[in-house]
>>> print(open('work.cif').read())   # mmCIF, C-alpha atoms
data_my_file
#
loop_
_atom_site.label_atom_id
_atom_site.label_comp_id
_atom_site.auth_asym_id
_atom_site.auth_seq_id
_atom_site.Cartn_x
_atom_site.Cartn_y
_atom_site.Cartn_z
CA MET A 173 15.63 -0.21 4.22
CA SER A 174 15.87 -2.64 7.12
CA THR A 175 13.37 -0.72 9.27
CA ASP A 176 11.08 -0.60 6.26
CA ARG A 177 11.25 -4.35 5.93
CA MET A 178 10.58 -5.02 9.58
CA THR A 179 7.30 -3.11 9.49
CA ARG A 180 6.06 -5.22 6.59
CA GLY A 181 4.33 -8.08 8.35
CA LYS A 182 1.27 -10.14 7.67
CA SER A 183 -1.12 -7.26 8.35
CA PHE A 184 0.70 -5.11 5.75
CA TYR A 185 -0.09 -7.64 3.02
CA PHE A 186 -3.57 -8.44 4.38
CA PHE A 187 -4.69 -4.82 4.33
CA GLY A 188 -2.64 -4.03 1.22
CA PHE A 189 -4.40 -6.67 -0.85
CA LEU A 190 -7.74 -5.75 0.72
CA ILE A 191 -7.29 -2.12 -0.42
CA LEU A 192 -6.11 -3.30 -3.86
CA VAL A 193 -9.18 -5.51 -4.35
CA ALA A 194 -11.43 -2.67 -3.11
CA PHE A 195 -9.99 -0.35 -5.80
CA ASP A 196 -10.34 -3.11 -8.44
CA THR A 197 -13.97 -3.64 -7.46
CA VAL A 198 -14.73 0.10 -7.58
CA VAL A 199 -13.23 0.23 -11.10
CA GLN A 200 -15.34 -2.66 -12.41
CA LEU A 201 -18.61 -1.53 -10.82
CA SER A 202 -18.04 2.06 -11.98
CA PHE A 203 -17.48 0.84 -15.54
CA LYS A 204 -20.76 -1.06 -15.35
CA TYR A 205 -22.60 2.03 -14.07
CA ALA A 206 -20.87 4.26 -16.63
CA GLY A 207 -21.98 1.91 -19.41
CA ASN A 208 -25.53 1.71 -18.05
CA HIS A 209 -25.89 5.48 -17.83
CA ALA A 210 -24.56 5.95 -21.38
CA PHE A 211 -26.85 3.23 -22.83
CA PRO A 212 -27.16 2.40 -25.70
CA PRO A 213 -23.50 1.95 -26.72
CA GLU A 214 -22.70 3.63 -30.03
CA ALA A 215 -19.51 4.17 -31.97
CA ASN A 216 -19.92 7.92 -32.04
CA TRP A 217 -19.10 11.14 -30.22
CA ALA A 218 -22.52 11.34 -28.55
CA TRP A 219 -21.83 8.11 -26.66
CA ILE A 220 -18.43 9.39 -25.47
CA VAL A 221 -20.14 12.59 -24.26
CA ARG A 222 -22.75 10.50 -22.41
CA VAL A 223 -20.03 8.35 -20.79
CA PHE A 224 -18.08 11.37 -19.56
CA GLY A 225 -21.24 13.27 -18.62
CA HIS A 226 -21.81 11.05 -15.57
CA PRO A 227 -19.56 10.84 -12.50
CA TRP A 228 -19.05 7.05 -12.78
CA ILE A 229 -16.24 7.13 -15.33
CA TYR A 230 -14.27 9.51 -13.06
CA LEU A 231 -14.73 7.14 -10.12
CA ALA A 232 -13.31 4.38 -12.35
CA VAL A 233 -10.27 6.56 -13.10
CA ILE A 234 -9.76 7.27 -9.37
CA GLY A 235 -9.99 3.50 -8.78
CA TYR A 236 -7.34 2.87 -11.45
CA VAL A 237 -4.95 5.40 -9.91
CA GLY A 238 -5.46 4.01 -6.39
CA ASN A 239 -4.98 0.51 -7.72
CA PHE A 240 -1.70 1.46 -9.43
CA PHE A 241 -0.12 3.03 -6.33
CA THR A 242 -1.27 0.18 -4.07
CA TRP A 243 0.03 -2.46 -6.50
CA MET A 244 3.43 -0.80 -6.89
CA THR A 245 3.73 -0.60 -3.09
CA LEU A 246 2.85 -4.28 -2.64
CA LEU A 247 5.22 -5.40 -5.42
CA LYS A 248 8.24 -3.91 -3.68
CA HIS A 249 8.66 -7.22 -1.84
CA ALA A 250 5.76 -9.46 -2.88
CA PRO A 251 6.62 -12.11 -5.50
CA ILE A 252 4.72 -11.39 -8.73
CA GLY A 253 3.44 -14.96 -9.37
CA PRO A 254 1.47 -15.45 -6.12
CA ALA A 255 0.61 -11.73 -5.82
CA PHE A 256 -0.93 -11.60 -9.30
CA ALA A 257 -3.01 -14.69 -8.46
CA VAL A 258 -4.29 -13.06 -5.23
CA THR A 259 -5.54 -9.98 -7.14
CA HIS A 260 -8.16 -12.29 -8.70
CA LEU A 261 -10.12 -12.06 -5.44
CA GLU A 262 -11.65 -9.22 -7.44
CA VAL A 263 -13.58 -11.83 -9.47
CA VAL A 264 -15.31 -12.94 -6.24
CA SER A 265 -16.03 -9.43 -4.94
CA VAL A 266 -17.39 -8.20 -8.27
CA MET A 267 -19.60 -11.30 -8.48
CA LEU A 268 -21.09 -10.68 -5.02
CA PHE A 269 -21.62 -6.95 -5.63
CA SER A 270 -23.26 -7.75 -8.99
CA VAL A 271 -25.80 -9.96 -7.24
CA TRP A 272 -26.61 -7.13 -4.82
CA LEU A 273 -26.45 -4.12 -7.15
CA PHE A 274 -27.43 -5.51 -10.56
CA GLN A 275 -29.60 -8.46 -9.50
CA GLU A 276 -27.36 -10.85 -11.45
CA PRO A 277 -28.17 -14.50 -10.64
CA LEU A 278 -25.86 -16.32 -8.23
CA THR A 279 -25.69 -19.88 -9.58
CA TRP A 280 -24.05 -22.91 -7.97
CA PRO A 281 -21.21 -23.11 -10.55
CA LYS A 282 -20.38 -19.46 -9.77
CA VAL A 283 -20.39 -20.16 -6.02
CA ILE A 284 -18.10 -23.18 -6.56
CA GLY A 285 -15.70 -21.15 -8.74
CA ALA A 286 -15.61 -18.33 -6.16
CA SER A 287 -14.98 -20.84 -3.35
CA VAL A 288 -12.08 -22.43 -5.27
CA ILE A 289 -10.53 -18.95 -5.73
CA VAL A 290 -10.85 -18.23 -1.99
CA VAL A 291 -9.31 -21.62 -1.04
CA GLY A 292 -6.41 -20.90 -3.45
CA ILE A 293 -5.80 -17.51 -1.82
CA ILE A 294 -5.87 -19.09 1.66
CA CYS A 295 -3.21 -21.57 0.40
CA LEU A 296 -1.08 -18.64 -0.79
CA ALA A 297 -1.48 -16.86 2.56
CA PHE A 298 -0.20 -20.00 4.32
CA ALA A 299 2.57 -20.42 1.73
CA GLU A 300 3.87 -16.91 2.40
CA SER A 301 3.63 -17.09 6.19
CA GLY A 302 5.56 -20.36 6.11
CA ALA A 303 8.12 -19.26 3.54
CA HIS A 304 9.33 -16.17 5.38
CA PRO A 305 9.96 -16.59 9.10
CA GLU A 306 9.79 -13.42 11.19
CA GLY A 307 12.33 -10.80 10.26
CA ASP A 308 13.37 -12.74 7.16
CA ALA A 309 13.00 -10.80 3.95
CA PRO A 310 11.61 -12.61 0.93
CA THR A 311 14.36 -14.07 -1.24
CA GLU A 312 12.72 -12.46 -4.22
CA ALA A 313 13.38 -8.99 -2.83
CA LYS A 314 17.14 -9.31 -3.20
CA GLY A 315 17.51 -8.84 -6.93
CA ALA A 316 15.45 -6.64 -9.19
CA LEU A 317 15.81 -9.09 -12.03
CA GLY A 318 16.48 -12.16 -9.98
CA VAL A 319 20.19 -11.42 -9.91
CA ALA A 320 20.91 -12.18 -6.29
CA ALA A 321 17.88 -14.28 -5.45
CA GLY A 322 18.88 -17.65 -4.16
CA ASN A 323 16.88 -20.80 -4.47
CA MET B 10 -12.18 -19.54 -32.61
CA SER B 11 -11.23 -17.38 -35.55
CA PRO B 12 -7.58 -16.47 -36.21
CA LEU B 13 -8.36 -12.89 -35.12
CA VAL B 14 -9.72 -14.07 -31.76
CA VAL B 15 -6.63 -16.27 -31.22
CA THR B 16 -4.33 -13.38 -32.17
CA LEU B 17 -6.09 -11.01 -29.74
CA TRP B 18 -5.97 -13.66 -27.02
CA LEU B 19 -2.21 -14.21 -27.46
CA LEU B 20 -1.69 -10.44 -27.53
CA ASN B 21 -3.64 -10.11 -24.28
CA VAL B 22 -1.57 -12.83 -22.54
CA THR B 23 1.68 -11.28 -23.79
CA LEU B 24 0.79 -7.70 -22.83
CA ASP B 25 -0.54 -8.73 -19.41
CA THR B 26 2.62 -10.74 -18.65
CA VAL B 27 5.02 -8.07 -19.95
CA GLY B 28 3.12 -5.39 -18.00
CA GLN B 29 3.12 -7.31 -14.71
CA LEU B 30 6.81 -8.23 -14.98
CA ALA B 31 7.74 -4.66 -15.89
CA PHE B 32 5.86 -3.40 -12.80
CA LYS B 33 7.64 -5.99 -10.67
CA ALA B 34 11.02 -4.94 -12.10
CA ALA B 35 10.23 -1.28 -11.37
CA ALA B 36 8.79 -1.87 -7.89
CA SER B 37 11.47 -4.24 -6.58
CA ASP B 38 14.55 -2.33 -7.76
CA PRO B 39 16.56 -2.02 -4.51
CA ARG B 40 18.22 1.20 -5.75
CA ALA B 41 14.86 2.99 -5.71
CA GLY B 42 14.94 3.60 -1.95
CA ASP B 43 11.83 4.63 -0.02
CA GLY B 44 9.09 7.22 0.13
CA LEU B 45 8.73 9.92 -2.48
CA ALA B 46 12.29 9.37 -3.72
CA ARG B 47 11.29 5.82 -4.68
CA TRP B 48 8.49 7.08 -6.93
CA ARG B 49 10.80 9.65 -8.51
CA TYR B 50 13.43 6.99 -9.16
CA MET B 51 10.87 4.61 -10.68
CA ALA B 52 9.53 7.37 -12.95
CA SER B 53 13.07 8.05 -14.19
CA ARG B 54 13.57 4.41 -15.20
CA PRO B 55 11.97 2.69 -18.22
CA TRP B 56 10.26 -0.27 -16.50
CA ILE B 57 7.29 1.55 -15.00
CA TRP B 58 6.60 3.13 -18.40
CA VAL B 59 6.85 -0.24 -20.16
CA GLY B 60 4.28 -1.48 -17.64
CA LEU B 61 1.91 1.46 -18.15
CA ILE B 62 2.12 1.31 -21.97
CA SER B 63 1.45 -2.45 -21.82
CA TYR B 64 -1.61 -1.77 -19.66
CA VAL B 65 -3.08 0.77 -22.08
CA ALA B 66 -2.41 -1.54 -25.06
CA GLU B 67 -3.88 -4.49 -23.13
CA PHE B 68 -7.00 -2.45 -22.35
CA LEU B 69 -7.56 -1.75 -26.07
CA VAL B 70 -6.86 -5.38 -27.03
CA TRP B 71 -9.29 -6.53 -24.32
CA ILE B 72 -12.09 -4.29 -25.63
CA ALA B 73 -11.53 -5.60 -29.17
CA PHE B 74 -11.38 -9.17 -27.81
CA LEU B 75 -14.68 -8.76 -25.92
CA SER B 76 -16.40 -7.41 -29.01
CA LEU B 77 -15.80 -10.83 -30.63
CA ILE B 78 -16.47 -13.19 -27.71
CA ASP B 79 -18.61 -13.23 -24.53
CA LEU B 80 -17.24 -11.77 -21.31
CA SER B 81 -17.53 -15.20 -19.65
CA GLN B 82 -15.37 -16.75 -22.39
CA GLY B 83 -12.94 -13.87 -21.96
CA VAL B 84 -12.71 -14.56 -18.21
CA LEU B 85 -12.13 -18.26 -18.96
CA LEU B 86 -9.37 -17.60 -21.51
CA GLY B 87 -7.87 -14.89 -19.28
CA SER B 88 -7.37 -17.34 -16.40
CA ILE B 89 -4.31 -18.75 -18.21
CA ASN B 90 -2.54 -15.40 -17.63
CA ILE B 91 -2.16 -16.34 -13.94
CA VAL B 92 -0.10 -19.44 -14.84
CA VAL B 93 1.99 -17.58 -17.44
CA VAL B 94 2.84 -14.81 -14.92
CA MET B 95 3.78 -17.49 -12.34
CA ILE B 96 6.18 -19.19 -14.81
CA ALA B 97 7.63 -15.85 -15.93
CA GLY B 98 8.19 -14.88 -12.27
CA ARG B 99 10.05 -18.15 -11.76
CA ILE B 100 12.28 -17.60 -14.80
CA LEU B 101 12.98 -13.86 -14.52
CA PHE B 102 12.88 -13.26 -10.75
CA ARG B 103 13.85 -16.74 -9.49
CA GLU B 104 10.63 -16.87 -7.46
CA LYS B 105 10.39 -20.12 -5.54
CA LEU B 106 7.61 -22.42 -6.67
CA THR B 107 6.90 -24.29 -3.47
CA PRO B 108 4.15 -26.97 -3.61
CA LEU B 109 1.83 -24.77 -1.52
CA ARG B 110 2.39 -21.76 -3.80
CA VAL B 111 1.78 -23.78 -6.97
CA THR B 112 -1.34 -25.34 -5.40
CA GLY B 113 -2.70 -21.91 -4.42
CA ILE B 114 -1.99 -20.36 -7.83
CA LEU B 115 -3.51 -23.31 -9.72
CA LEU B 116 -6.62 -23.25 -7.48
CA VAL B 117 -7.12 -19.53 -8.19
CA THR B 118 -6.67 -20.23 -11.92
CA ALA B 119 -9.19 -23.09 -11.80
CA GLY B 120 -11.64 -20.95 -9.82
CA VAL B 121 -11.48 -18.10 -12.33
CA ALA B 122 -11.96 -20.61 -15.18
CA ILE B 123 -15.00 -22.14 -13.41
CA VAL B 124 -16.52 -18.67 -12.95
CA GLY B 125 -15.97 -18.07 -16.67
CA ILE B 126 -17.63 -21.36 -17.65
CA ALA B 127 -20.44 -20.71 -15.13
CA GLY B 128 -21.15 -17.32 -16.70
CA ALA B 129 -21.52 -18.95 -20.13
CA GLY B 130 -24.07 -21.48 -18.89
#
>>> encode(input="work.cif", output="structure tokens")
Amino acid sequence: MSTDRMTRGKSFYFFGFLILVAFDTVVQLSFKYAGNHAFPPEANWAWIVRVFGHPWIYLAVIGYVGNFFTWMTLLKHAPIGPAFAVTHLEVVSVMLFSVWLFQEPLTWPKVIGASVIVVGIICLAFAESGAHPEGDAPTEAKGALGVAAGN
Amino acid sequence: MSPLVVTLWLLNVTLDTVGQLAFKAAASDPRAGDGLARWRYMASRPWIWVGLISYVAEFLVWIAFLSLIDLSQGVLLGSINIVVVMIAGRILFREKLTPLRVTGILLVTAGVAIVGIAGAG
């Protein structure tokens, strides 16, 4: 357990969240493609067949599975409040990919919103690097239900 | 907003929060150990299943929710989940809410809300 903790540094969380957001983005874009290929949406069996007749929906499922295993690995030590906030980097990545792949307009309010998200995540990165000096495990990791976590 | 929209919204917040906290409870259990044994241990305990069932239910609620309102409005209303999960993490897992953490989390929340409002415009 102690060796496990020592290997979990800044790069572990940096790449961990990067992989998580990549899976999230794949899921959202695949859903969009799956919907586009099955157009028009109908509440019938034919639409379901169209959705599952293209590879996109399966890519979305793979993205979901990858997301789940990455998230459960990150949550072993990462506090849920800040970690859940960081996953919303997905909003920024999906926005940028949508401009490129679906020609969706990139307006100033969207750019401002995305920038505020990025600044918030940079704050959280600083918060975590300051909160846990080297070799110090997060306080949150001590109790599964906050039993032994000090404050 | 109609009562149905409000009900679906509250259901979404509740299911998202319950799901995330259940995943945290499963993932951070120190008895789980490491490697493959950790996954086996988690699968034998209820929390990971509570999380997965909440996710599936949330997915269905979200689809119903989006059939009544625009996606941009959904993104805007969904931003509140970030704050609720933060507060729940504080209460249930004694997570420290340092000024920098709160600032970061609130900025992300505001950013998601702005993106939602921007999409509606």
>>> resolve_selection(input="work.cif", expression="the PyMOL selection byres ((chain A and resi 204-214) around 9)", output="NGL selection string")
:A and (199-203 or 215-229 or 232)
>>> atom_distance(input="work.cif", atom1="CA of Val193 (chain A)", atom2="CA of Tyr236 (chain A)")
11.1 Å
>>> residues_near_point(input="work.cif", point="(-22.9, -25.2, -13.3)", cutoff="8 Å", atoms="all atoms listed in the file", output="list in words")
Thr279, Trp280, Pro281 and Lys282 of chain A; Ile126, Ala127 and Gly130 of chain B
>>> resolve_selection(input="work.cif", expression="the PyMOL selection byres ((chain B) within 6 of (chain A))", output="list in words")
Lys33, Ala34, Ala36, Ser37, Asp38, Ile91, Val94, Met95, Gly98, Leu101, Phe102, Arg103, Glu104, Leu109, Arg110, Gly113, Ile114, Leu116, Val117, Gly120, Ile123, Val124 and Ala127 of chain B
>>> axis_aligned_box(input="work.cif", around="region 221-230 of chain A", padding_each_side="5 Å", output="JSON")
{"center_x": -18.5, "center_y": 10.2, "center_z": -18.4, "size_x": 18.5, "size_y": 16.2, "size_z": 21.8}
>>> residues_around(input="work.cif", residues="Thr26 (chain B)", least_positions_apart="2", cutoff="12 Å", atoms="only C-alpha atoms", output="NGL selection string")
(:A and (252-253 or 256)) or (:B and (19-24 or 28-33 or 59-60 or 63-64 or 67 or 87 or 89-98 or 101))
>>> resolve_selection(input="work.cif", expression="the PyMOL selection byres ((chain B and resi 75) around 12)", output="list in words")
Leu13, Val14, Leu17, Trp18, Asn21, Glu67, Phe68, Leu69, Val70, Trp71, Ile72, Ala73, Phe74, Ser76, Leu77, Ile78, Asp79, Leu80, Ser81, Gln82, Gly83, Val84, Leu86 and Gly87 of chain B
>>> atom_distance(input="work.cif", atom1="CA of Val15 (chain B)", atom2="CA of Val65 (chain B)")
19.7 Å
>>> atom_distance(input="work.cif", atom1="CA of Phe184 (chain A)", atom2="CA of Arg40 (chain B)")
21.9 Å
>>> closest_residue(input="work.cif", among="A:Leu273, A:Glu262, A:Leu268, A:Thr242", to="Phe187 (chain A)", atoms="all atoms listed in the file")
A:Thr242
>>> closest_residue(input="work.cif", among="B:Ile100, B:Ala35, B:Leu85, B:Asp43", to="Trp56 (chain B)", atoms="only C-alpha atoms")
B:Ala35
